[in-house]
Amino acid sequence: MALAGTNAALQTSKLTRPRNGQVAGTDATVEAARPSLSSKLLAIIGLVVVFAAVRAGEAFFIPLAISIFLSYALSPLVTGLERWRLPRPIAAGIVMVIFVTAGASVVYRAGSDAVDLLELLPQAVEKVRESITIWQRSGANPLHHVQETAAELEKLASAAQANSSRIPPKPATPSAPAIDLRSMLVIGTGSAIVAAGQLISILFLTFFLLAAGYLFRRKLMHLVGPSLTRRKIALKILDDVHRLNQHYFAVLFVVNLGIGAAIGVAMYLIGVDRALVWAMGAAVLHTIPYLGGAAVAAAAALAAYIQLGNLWSALLAMGLVLAIVGVLGLGLQTWLLGRAVRMNAPAVFVSLLFWGMLWGAWGLLLAVPIMVAIKTACDHIEPLQRWGALLGK
């Protein structure tokens, strides 16, 4: 009897052990999941804080990002001059002088023609008003019924005002203060000074980055730590970011030259003056995705209407610009950028929306280089590789 009781107890304990082990394992899984959930929440909060800081400190981060990516774009020229036995600081100085001179000449030429175009703006408005007047008098006005409806509404409003004349009038509200032109001038001058200071800081920082060469890369290797694996990963990330951004700027340069040349030829063929200026302006403005092409199309329509004097010429100029930008900019450039930076088109578009919301036009300009750096880091850091796969092709 005692032996049978012992065997029964052993069988009972064996039956209950899996259940206890299962409960214990479930508890352990829950306990292990809790830190994972908290770490994810902390990561999300950290990202929100980082993006809020980037948004609040845009006056610092935008010039810094422009300088870094501009150094990526100009570094092949500096390296080429360095092969000719020139010291790197001298080569960087020569490249920066050429870059500033070319940019200033393009801005001066395009700016003077833009001023001439703005001076003709009142004439364009007057032509539009005359065209609308002639169109209304021609009898083929489809808005005639709308005008009749508006006249009837005015009659009803007059009758309602006559009925409400017995109600005592409300006390007059104080008029809005006049526009303080002096304050506006001071604010505008201050903004111009800030913009000039940021431009100078961008140029100087770009020169220092180009002249330093691999100095910051070596400093970053010391910052990573003594681990050989970490140093290899960090070096691979830096090399890939440098290479992919150079491919991006090369594609952007070639496509913008093609768009500028095509728009210049189109403006020349339809009879719009200053075709060379239109080519240079389109090549520069198309650097800003979407907004640049839209601005060129609107300006081309206005110039064609002023110079050629009819609406069809304006629509033709706008249509040609939009067609060129659509084929070369949205079609060819998107395909080439997808191959160069190894990112899918939806990820590129979403990044443009996000950084455009964050930094405006500068965000549109810097979105792709920033996302290239983020994707490259995700590809080489094991816990983030799934995010890199999400951004990749």
# chains A, B, ... in the order shown; residues from 1 in each chain; ligands from 1
>>> residues_around(residues="Leu330 of chain A", least_positions_apart="3", cutoff="12 Å", atoms="only C-alpha atoms", output="ChimeraX atom specification")
/A:252,255-256,259,286,289-290,293,322-327,333-338,345,348-349
>>> write_last_selection(atoms="C-alpha atoms", output="PDB file, in the first residue's frame")
ATOM      1  CA  LEU A 252      20.903  65.370 -60.087  1.00  0.00           C
ATOM      2  CA  VAL A 255      19.302  65.551 -65.121  1.00  0.00           C
ATOM      3  CA  ASN A 256      19.160  69.253 -64.216  1.00  0.00           C
ATOM      4  CA  ILE A 259      16.070  69.842 -68.127  1.00  0.00           C
ATOM      5  CA  HIS A 286      14.748  72.080 -60.466  1.00  0.00           C
ATOM      6  CA  PRO A 289      11.757  68.857 -56.170  1.00  0.00           C
ATOM      7  CA  TYR A 290       8.242  69.747 -57.385  1.00  0.00           C
ATOM      8  CA  GLY A 293       9.430  72.900 -61.667  1.00  0.00           C
ATOM      9  CA  LEU A 322       5.520  70.741 -67.335  1.00  0.00           C
ATOM     10  CA  ALA A 323       6.020  68.063 -70.007  1.00  0.00           C
ATOM     11  CA  ILE A 324       9.826  68.373 -69.848  1.00  0.00           C
ATOM     12  CA  VAL A 325       9.839  68.351 -66.061  1.00  0.00           C
ATOM     13  CA  GLY A 326       7.444  65.403 -65.995  1.00  0.00           C
ATOM     14  CA  VAL A 327       9.400  63.253 -68.451  1.00  0.00           C
ATOM     15  CA  GLN A 333      15.302  61.159 -62.596  1.00  0.00           C
ATOM     16  CA  THR A 334      13.165  58.926 -60.370  1.00  0.00           C
ATOM     17  CA  TRP A 335      14.397  55.823 -62.194  1.00  0.00           C
ATOM     18  CA  LEU A 336      18.049  56.896 -62.068  1.00  0.00           C
ATOM     19  CA  LEU A 337      17.843  57.908 -58.417  1.00  0.00           C
ATOM     20  CA  GLY A 338      16.264  54.577 -57.537  1.00  0.00           C
ATOM     21  CA  ALA A 345      10.006  55.456 -55.082  1.00  0.00           C
ATOM     22  CA  VAL A 348      11.605  58.768 -51.565  1.00  0.00           C
ATOM     23  CA  PHE A 349       8.226  60.478 -51.944  1.00  0.00           C
TER      24      PHE A 349
END
>>> closest_residue(among="A:Tyr248, A:Tyr72, A:Trp84, A:Phe204", to="Met343 of chain A", atoms="only C-alpha atoms")
A:Tyr248
>>> residues_around(residues="Leu64 of chain A", least_positions_apart="6", cutoff="10 Å", atoms="only C-alpha atoms", output="ChimeraX atom specification")
/A:58,70,198,201-202,205-206
>>> atom_distance(atom1="atom CA of Ile66 of chain A", atom2="atom CA of Leu257 of chain A")
20.8 Å
>>> closest_residue(among="A:Pro89, A:Gly360, A:Pro383, A:Gly388", to="Phe207 of chain A", atoms="only C-alpha atoms")
A:Pro89
>>> residues_around(residues="Ile68 of chain A", least_positions_apart="6", cutoff="12 Å", atoms="only C-alpha atoms", output="list in words")
Phe61, Ile62, Leu74, Ser75, Ile202, Leu203, Phe204, Leu205, Thr206, Phe207, Phe208, Leu209, Leu210, Gly213, Phe216, Val241, His242, Asn245, Gln246, Leu366, Pro369, Ile370 and Ala373 of chain A
>>> select_by_dssp(residues="segment 163-364 of chain A", states="helix (DSSP H, G or I)", output="PyMOL selection string")
chain A and resi 163-166+181-212+215-224+228-270+275-285+291-308+311-341+345-359+361-364
